[in-house]
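Next up, my_file-v3.txt (compact mmCIF, C-alpha atoms):
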# COMPACT_ATOMS: atom_id res chain seq x y z
CA MET A 1 -14.27 3.18 25.21
CA THR A 2 -11.04 2.21 23.47
CA THR A 3 -8.68 5.13 22.95
CA ILE A 4 -6.75 5.80 19.73
CA ALA A 5 -3.51 4.82 21.48
CA GLU A 6 -5.05 1.53 22.62
CA ARG A 7 -6.32 0.82 19.11
CA ARG A 8 -2.79 1.33 17.77
CA GLU A 9 -1.29 -0.96 20.39
CA GLN A 10 -3.88 -3.67 19.67
CA PHE A 11 -3.30 -3.44 15.92
CA ALA A 12 0.46 -3.71 16.36
CA ALA A 13 0.14 -6.67 18.71
CA MET A 14 -2.18 -8.48 16.29
CA PHE A 15 -0.21 -8.09 13.07
CA THR A 16 3.49 -7.45 13.79
CA ARG A 17 5.65 -10.45 12.89
CA PRO A 18 9.31 -11.30 13.47
CA LEU A 19 11.56 -10.58 10.53
CA PRO A 20 13.85 -13.21 8.97
CA ALA A 21 17.34 -13.27 10.42
CA ASP A 22 18.94 -12.19 7.15
CA VAL A 23 16.87 -8.99 6.89
CA ASP A 24 18.78 -5.95 8.10
CA VAL A 25 16.50 -3.22 9.47
CA SER A 26 17.55 0.29 10.38
CA ALA A 27 15.81 3.53 11.23
CA THR A 28 15.96 6.37 8.76
CA THR A 29 13.97 9.41 7.68
CA LEU A 30 12.32 10.10 4.35
CA GLY A 31 10.37 13.17 3.35
CA GLY A 32 10.79 14.51 6.86
CA ARG A 33 9.15 11.47 8.45
CA PRO A 34 10.52 8.43 10.29
CA ALA A 35 10.92 5.33 8.16
CA LEU A 36 12.43 1.85 8.20
CA ARG A 37 15.10 0.76 5.75
CA LEU A 38 15.25 -2.96 4.98
CA ARG A 39 17.94 -4.89 3.13
CA THR A 40 18.40 -8.61 2.54
CA ALA A 41 21.96 -8.52 1.21
CA PRO A 42 24.73 -5.95 0.75
CA THR A 43 24.30 -3.94 -2.44
CA GLY A 44 25.81 -0.85 -3.93
CA THR A 45 23.96 2.44 -3.74
CA ALA A 46 24.19 3.33 -7.42
CA GLY A 47 21.32 2.14 -9.58
CA GLU A 48 19.83 -0.26 -7.03
CA ASP A 49 16.18 -1.24 -6.87
CA VAL A 50 14.12 0.67 -4.30
CA LEU A 51 10.71 -0.30 -2.91
CA LEU A 52 8.66 2.43 -1.22
CA TYR A 53 6.12 0.73 1.05
CA LEU A 54 3.09 2.48 2.58
CA HIS A 55 1.42 0.65 5.48
CA GLY A 56 -2.28 0.24 6.10
CA GLY A 57 -4.45 0.78 9.14
CA GLY A 58 -7.37 2.90 8.01
CA PHE A 59 -5.27 6.08 8.12
CA VAL A 60 -5.52 5.89 11.94
CA VAL A 61 -3.46 2.89 13.14
CA GLY A 62 -0.53 0.90 11.78
CA SER A 63 3.15 1.60 11.28
CA ALA A 64 6.12 0.79 9.11
CA ARG A 65 7.15 -1.94 11.55
CA VAL A 66 3.77 -3.70 11.57
CA THR A 67 3.98 -4.45 7.84
CA ALA A 68 7.76 -4.85 7.64
CA HIS A 69 7.43 -8.59 6.97
CA ILE A 70 5.45 -7.79 3.80
CA SER A 71 8.17 -5.37 2.66
CA ALA A 72 10.78 -8.05 3.40
CA ALA A 73 8.88 -10.65 1.36
CA LEU A 74 8.66 -8.34 -1.67
CA LEU A 75 12.30 -7.34 -1.26
CA ARG A 76 13.36 -10.96 -1.82
CA HIS A 77 12.66 -10.41 -5.50
CA LEU A 78 14.52 -7.11 -5.82
CA ASP A 79 18.16 -6.09 -5.85
CA GLY A 80 18.32 -3.27 -3.37
CA ARG A 81 16.37 -1.93 -0.44
CA ALA A 82 12.88 -1.25 0.82
CA VAL A 83 11.85 1.88 2.68
CA SER A 84 8.63 1.78 4.70
CA LEU A 85 7.25 5.17 5.68
CA ASP A 86 5.63 6.24 8.94
CA TYR A 87 3.37 8.94 7.51
CA ARG A 88 1.28 11.05 9.90
CA LEU A 89 -1.91 9.44 11.20
CA ALA A 90 -5.41 10.73 11.84
CA PRO A 91 -7.17 12.03 13.85
CA GLU A 92 -4.18 14.06 15.06
CA HIS A 93 -3.19 14.72 11.45
CA PRO A 94 -6.20 14.43 9.12
CA PHE A 95 -6.26 14.58 5.32
CA PRO A 96 -4.15 15.73 3.51
CA ALA A 97 -1.27 15.16 5.96
CA ALA A 98 -0.69 11.52 4.98
CA PRO A 99 -0.65 12.07 1.19
CA ASP A 100 1.56 15.13 1.70
CA ASP A 101 4.06 12.95 3.60
CA CYS A 102 3.96 10.22 0.98
CA LEU A 103 4.56 12.63 -1.88
CA ALA A 104 7.44 14.23 0.04
CA ALA A 105 8.97 10.78 0.55
CA TYR A 106 8.59 9.90 -3.13
CA ARG A 107 10.07 13.23 -4.19
CA GLU A 108 13.06 12.79 -1.85
CA LEU A 109 13.83 9.38 -3.31
CA LEU A 110 13.94 10.90 -6.79
CA ASP A 111 15.94 13.91 -5.60
CA SER A 112 18.47 11.59 -3.96
CA GLY A 113 19.23 10.04 -7.34
CA VAL A 114 16.99 6.96 -7.34
CA ASP A 115 16.28 5.97 -10.93
CA PRO A 116 12.47 5.91 -11.36
CA GLN A 117 12.90 2.88 -13.61
CA ARG A 118 14.37 1.08 -10.56
CA LEU A 119 11.72 2.39 -8.17
CA VAL A 120 8.51 0.53 -7.27
CA VAL A 121 5.70 1.32 -4.85
CA ALA A 122 3.49 -0.96 -2.76
CA GLY A 123 0.95 -0.58 0.01
CA ASP A 124 -1.90 -2.27 1.80
CA SER A 125 -5.41 -0.99 2.54
CA ALA A 126 -5.14 2.73 3.36
CA GLY A 127 -1.48 2.54 2.30
CA ALA A 128 -2.53 1.16 -1.08
CA ALA A 129 -4.86 4.13 -1.51
CA LEU A 130 -2.01 6.44 -0.55
CA ALA A 131 0.21 4.71 -3.11
CA VAL A 132 -2.30 5.53 -5.87
CA VAL A 133 -2.76 9.10 -4.66
CA THR A 134 1.02 9.58 -4.43
CA MET A 135 1.46 8.48 -8.02
CA MET A 136 -1.40 10.74 -9.15
CA ARG A 137 0.08 13.74 -7.36
CA ALA A 138 3.57 12.96 -8.65
CA ARG A 139 2.19 12.77 -12.19
CA ASP A 140 0.41 16.08 -11.77
CA ALA A 141 3.63 17.65 -10.46
CA GLY A 142 5.52 16.49 -13.55
CA LEU A 143 7.56 13.87 -11.68
CA PRO A 144 8.43 10.56 -13.32
CA MET A 145 6.39 7.49 -12.50
CA PRO A 146 7.79 4.42 -10.74
CA ALA A 147 8.23 1.23 -12.72
CA ALA A 148 5.20 -0.48 -11.15
CA ALA A 149 2.99 -0.65 -8.09
CA VAL A 150 1.39 -3.42 -6.04
CA LEU A 151 -1.83 -2.70 -4.13
CA PHE A 152 -3.13 -5.06 -1.47
CA SER A 153 -6.85 -4.62 -0.64
CA PRO A 154 -6.89 -0.92 -1.57
CA ALA A 155 -9.27 1.32 0.42
CA VAL A 156 -9.97 3.70 -2.44
CA ASP A 157 -13.61 4.69 -1.88
CA LEU A 158 -14.08 6.57 1.37
CA THR A 159 -17.78 7.09 0.58
CA LEU A 160 -18.38 3.35 1.15
CA SER A 161 -20.46 3.16 -2.03
CA GLY A 162 -19.22 -0.22 -3.30
CA ALA A 163 -21.81 -3.01 -3.55
CA SER A 164 -19.60 -5.30 -1.46
CA MET A 165 -20.13 -2.99 1.53
CA ARG A 166 -23.54 -4.64 1.63
CA SER A 167 -23.01 -8.03 0.02
CA LYS A 168 -19.98 -8.87 2.19
CA ASP A 169 -21.38 -7.42 5.43
CA GLY A 170 -21.30 -10.34 7.85
CA VAL A 171 -18.87 -12.24 5.62
CA ASP A 172 -15.87 -9.99 6.27
CA PRO A 173 -14.27 -11.34 9.46
CA PHE A 174 -12.63 -8.04 10.42
CA PHE A 175 -14.96 -5.17 9.58
CA ALA A 176 -18.53 -4.00 9.55
CA PRO A 177 -19.32 -0.94 7.42
CA ALA A 178 -19.58 1.19 10.57
CA ASP A 179 -15.98 0.32 11.48
CA LEU A 180 -14.70 1.64 8.17
CA GLU A 181 -16.95 4.68 8.36
CA TRP A 182 -15.45 5.58 11.75
CA LEU A 183 -11.88 5.24 10.48
CA PHE A 184 -12.53 7.28 7.35
CA ASP A 185 -14.32 9.98 9.34
CA GLN A 186 -11.20 10.39 11.50
CA TYR A 187 -9.12 10.85 8.36
CA LEU A 188 -11.45 13.14 6.44
CA ALA A 189 -12.35 15.35 9.44
CA GLY A 190 -15.41 16.64 7.63
CA GLY A 191 -13.80 16.74 4.20
CA ASP A 192 -15.28 15.36 0.98
CA GLY A 193 -14.83 11.60 0.80
CA ALA A 194 -15.65 11.63 -2.91
CA ALA A 195 -12.74 13.93 -3.77
CA PRO A 196 -10.34 12.10 -6.11
CA GLY A 197 -7.41 12.91 -3.83
CA ALA A 198 -9.12 11.03 -1.01
CA SER A 199 -10.90 8.32 -3.01
CA PRO A 200 -8.87 7.54 -6.13
CA VAL A 201 -11.53 5.18 -7.48
CA PHE A 202 -13.13 8.44 -8.69
CA ALA A 203 -9.87 9.83 -10.13
CA ASP A 204 -8.27 10.03 -13.55
CA LEU A 205 -5.53 7.38 -13.43
CA THR A 206 -4.07 8.13 -16.86
CA GLY A 207 -0.30 7.82 -16.95
CA LEU A 208 0.11 5.55 -13.92
CA PRO A 209 2.53 2.62 -14.22
CA PRO A 210 1.51 -1.06 -14.39
CA LEU A 211 -0.54 -2.09 -11.36
CA LEU A 212 -1.10 -5.40 -9.61
CA ILE A 213 -4.15 -5.36 -7.34
CA GLN A 214 -4.78 -8.25 -4.94
CA VAL A 215 -7.96 -8.57 -2.88
CA GLY A 216 -9.81 -11.27 -0.96
CA SER A 217 -13.29 -12.31 -2.00
CA SER A 218 -14.52 -12.10 1.60
CA GLU A 219 -13.85 -8.42 2.23
CA LEU A 220 -16.05 -5.36 2.36
CA LEU A 221 -13.47 -3.61 0.17
CA LEU A 222 -13.74 -6.16 -2.66
CA ASP A 223 -15.52 -3.72 -4.95
CA ASP A 224 -12.98 -0.99 -4.19
CA ALA A 225 -10.36 -3.19 -5.83
CA VAL A 226 -12.60 -4.29 -8.70
CA ARG A 227 -13.70 -0.75 -9.53
CA LEU A 228 -10.15 0.60 -9.22
CA ALA A 229 -8.98 -2.00 -11.72
CA GLY A 230 -11.80 -1.02 -14.05
CA ARG A 231 -10.98 2.67 -13.69
CA ALA A 232 -7.32 1.98 -14.41
CA GLY A 233 -8.15 -0.10 -17.47
CA ALA A 234 -10.50 2.58 -18.80
CA ASP A 235 -7.66 5.10 -18.40
CA GLU A 236 -5.25 2.92 -20.44
CA VAL A 237 -3.23 1.74 -17.43
CA ALA A 238 -1.91 -1.81 -17.55
CA VAL A 239 -3.58 -3.54 -14.61
CA THR A 240 -3.76 -7.06 -13.22
CA LEU A 241 -6.52 -7.87 -10.72
CA GLU A 242 -6.34 -10.97 -8.53
CA VAL A 243 -9.39 -11.89 -6.45
CA VAL A 244 -8.37 -14.68 -4.07
CA PRO A 245 -11.31 -16.84 -2.95
CA ARG A 246 -12.38 -16.89 0.70
CA GLN A 247 -9.61 -14.56 1.83
CA PRO A 248 -10.07 -11.58 4.16
CA HIS A 249 -8.76 -8.03 4.07
CA VAL A 250 -4.97 -7.85 3.50
CA PHE A 251 -4.64 -11.61 3.95
CA GLN A 252 -0.97 -11.16 3.00
CA LEU A 253 -0.34 -10.10 6.61
CA ASP A 254 -0.74 -13.71 7.78
CA ASP A 255 2.77 -15.08 7.37
CA GLY A 256 1.59 -18.60 8.24
CA SER A 257 -0.90 -18.75 5.38
CA ALA A 258 -0.16 -20.57 2.14
CA GLU A 259 -2.43 -18.15 0.30
CA ALA A 260 -0.50 -15.19 1.71
CA ALA A 261 2.86 -16.69 0.77
CA ALA A 262 1.69 -17.44 -2.77
CA ALA A 263 0.21 -13.96 -3.19
CA LEU A 264 3.40 -12.27 -1.99
CA GLU A 265 5.43 -14.47 -4.31
CA ARG A 266 3.30 -13.37 -7.27
CA ALA A 267 3.52 -9.74 -6.18
CA GLY A 268 7.30 -9.89 -5.82
CA ARG A 269 7.67 -11.46 -9.24
CA PHE A 270 5.39 -8.83 -10.74
CA LEU A 271 7.61 -6.06 -9.40
CA ALA A 272 10.84 -7.79 -10.35
CA THR A 273 9.64 -8.42 -13.89
CA ARG A 274 8.76 -4.73 -14.35
CA LEU A 275 12.24 -3.89 -13.08
CA GLY A 276 13.78 -6.43 -15.43
CA GLY A 277 15.16 -8.56 -12.61
CA GLU A 278 13.21 -11.81 -13.01
CA LYS A 279 11.57 -13.60 -15.89
CA GLU A 280 7.92 -14.59 -15.78
CA GLU A 281 8.75 -18.27 -16.18
CA SER A 282 11.38 -18.38 -13.43
Now, as a test, write the supplied structure out as structure tokens.
Amino acid sequence: MTTIAERREQFAAMFTRPLPADVDVSATTLGGRPALRLRTAPTGTAGEDVLLYLHGGGFVVGSARVTAHISAALLRHLDGRAVSLDYRLAPEHPFPAAPDDCLAAYRELLDSGVDPQRLVVAGDSAGAALAVVTMMRARDAGLPMPAAAVLFSPAVDLTLSGASMRSKDGVDPFFAPADLEWLFDQYLAGGDGAAPGASPVFADLTGLPPLLIQVGSSELLLDDAVRLAGRAGADEVAVTLEVVPRQPHVFQLDDGSAEAAAALERAGRFLATRLGGEKEES
């Protein structure tokens, strides 16, 4: 039987990519947790754009380094830095350790003087769910919202109740429903998967910033993204949903894919436009 450590090593080996030569990476801490800081060019520290990135991996595997090439691609469109957080993972640290870490990181960015109008959030899969939960918890704590958020293949229903869990079973090249159930069980540790703080598809999203949600049509989590977009729209949140045909879960990880490159380009422009850095027609 594969151990948790082996699963993490396999995941890292499968998805970690080299970073472009002009991307400067350094270790840092944020919210009491290790993190990676990425820059593409020297900038000042006052008033710069900041991207907070939350990696995926089913709350059990993954790391800031594995998805650093996604952070770097989004950073191309910003004037500043990206910070990718290594939040605590299950089963050693089940819910709510990860959302606690993410909120602490978000709070520290604000406390350090980052202008929320120059702050954006992004994440993939479990990290996309954590991005939504972080914004919900920040809102409830009276903290200002970021300027925008990008969510890649968000895993926002830990009850596995979406219709695509059945309709895409056998189509999804990465997961069967039992795979996701195992991951989510590690994270929840017997907790309620329908709780809004665990599954934000069931939450009140009022007050969240503009969202871009990207998902592949071939994934079990397709309906997570579709229903999250519907929930956001019903709660008066500006939301853009992109369903990319014949693409798998977090297809943006494949840096050799034209579809991934185009999706990351659109996501970067979405963030930059909300920050006022790029124009839609550029």
Query raised in the report: Can you tell me, as a PyMOL selection string, what residues are no more than 12 Å from region 226-236 of chain A when counting only C-alpha atoms, ignoring any on the same chain fewer than 3 positions away?
Result: chain A and resi 128-129+132+136+150-157+161-164+196+199-217+219-223+239-243
Query - Among listed residues A:Ala198, A:Ala131, A:Gly276, A:Ser71, nearest Gln252 (chain A) (using all atoms listed in the file) - result: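 Once distances to Gln252 (chain A) are computed over all atoms listed in the file, the minimum belongs to A:Ser71.
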Requested in this report: Quick one: everything within 9 Å of Leu110 (chain A), counting all atoms listed in the file, minus sequence neighbours fewer than 4 positions away in the same chain. Send it as a list in words.
Outcome: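 Near neighbours after the sequence-gap exclusion: Ala105, Tyr106, Val114, Asp115, Pro116, Leu119, Leu143 and Pro144 of chain A.
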Requested in this report: Counting all atoms listed in the file, select every polymer residue within 7 Å of (9.9, 2.0, 1.3) as defined in the file's coordinates, and provide the selection as a list in words.
Outcome: Arg37, Leu51, Leu52, Tyr53, Leu54, Ala82, Val83, Ser84 and Leu85 of chain A
**Report entry** For Gly113 (chain A), the nearest of the candidates A:Ala5, A:Val50, A:Ala267, A:Ala72, counting all atoms listed in the file
**Finding:**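 Comparing A:Ala5, A:Val50, A:Ala267, A:Ala72 against Gly113 (chain A), the winner is A:Val50.
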Report summary line: Pairwise distance, CA of Asp192 (chain A) with CA of Arg7 (chain A), equals 24.9 Å
Report summary line: One decimal place gives the CA of Ala263 (chain A)-CA of Cys102 (chain A) separation as 24.8 Å
Query raised in the report: Distance CA of Val250 (chain A)-CA of Val237 (chain A), one decimal place?
Result: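 Atom-to-atom, CA of Val250 (chain A) and CA of Val237 (chain A) are spaced 23.1 Å apart.
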List the neighbours of Ser26 (chain A) out to 9 Å using all atoms listed in the file; skip same-chain residues closer than 6 positions along the sequence, and give me the result as an mmCIF file with C-alpha atoms, in the coordinates of the input.
data_model
loop_
_atom_site.group_PDB
_atom_site.id
_atom_site.type_symbol
_atom_site.label_atom_id
_atom_site.label_comp_id
_atom_site.auth_asym_id
_atom_site.auth_seq_id
_atom_site.Cartn_x
_atom_site.Cartn_y
_atom_site.Cartn_z
ATOM 1 C CA ALA A 35 10.920 5.330 8.160
ATOM 2 C CA LEU A 36 12.430 1.850 8.200
ATOM 3 C CA ARG A 37 15.100 0.760 5.750
ATOM 4 C CA LEU A 38 15.250 -2.960 4.980
ATOM 5 C CA ARG A 39 17.940 -4.890 3.130
#
Query raised in the report: Between A:Leu74, A:Gly62, A:Gly193, A:Lys168, which has the minimum distance to Met14 (chain A) (counting only C-alpha atoms)?
Result: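 Of A:Leu74, A:Gly62, A:Gly193, A:Lys168, the one nearest Met14 (chain A), counting only C-alpha atoms, is A:Gly62.
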Requested in this report: Go through A:Ala238, A:Ala126, A:Leu75, A:Ala225 one by one, measure the shortest atom-to-atom distance of each to Ser63 (chain A) using only C-alpha atoms, and give the residue with the smallest value.
Outcome: A:Ala126
Query raised in the report: Nearest to Gly56 (chain A) among A:Phe95, A:Phe11, A:Phe175, A:Phe270, with distances taken over all atoms listed in the file: which residue is it?
Result: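 Comparing A:Phe95, A:Phe11, A:Phe175, A:Phe270 against Gly56 (chain A), the winner is A:Phe11.
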**Report entry** Residue nearest Ala272 (chain A) among A:Leu78, A:His69, A:Thr3, A:Ala13 (counting all atoms listed in the file)
**Finding:**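 The closest residue to Ala272 (chain A) is A:Leu78.
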Requested in this report: For Leu188 (chain A), list every protein, DNA or RNA residue within 12 Å, evaluated using all atoms listed in the file, and leave out those in the same chain fewer than 3 positions away; present the list as a PyMOL selection string.
Outcome: chain A and resi 58-60+89-98+158-159+181-185+191-195+197-199
Which centre and edge lengths in Å to one decimal define the box along x, y and z that fits every listed atom of region 54-64 of chain A plus 5 Å per side, as lines of an AutoDock Vina configuration file?
center_x = -0.6
center_y = 3.2
center_z = 7.9
size_x = 23.5
size_y = 15.8
size_z = 20.6
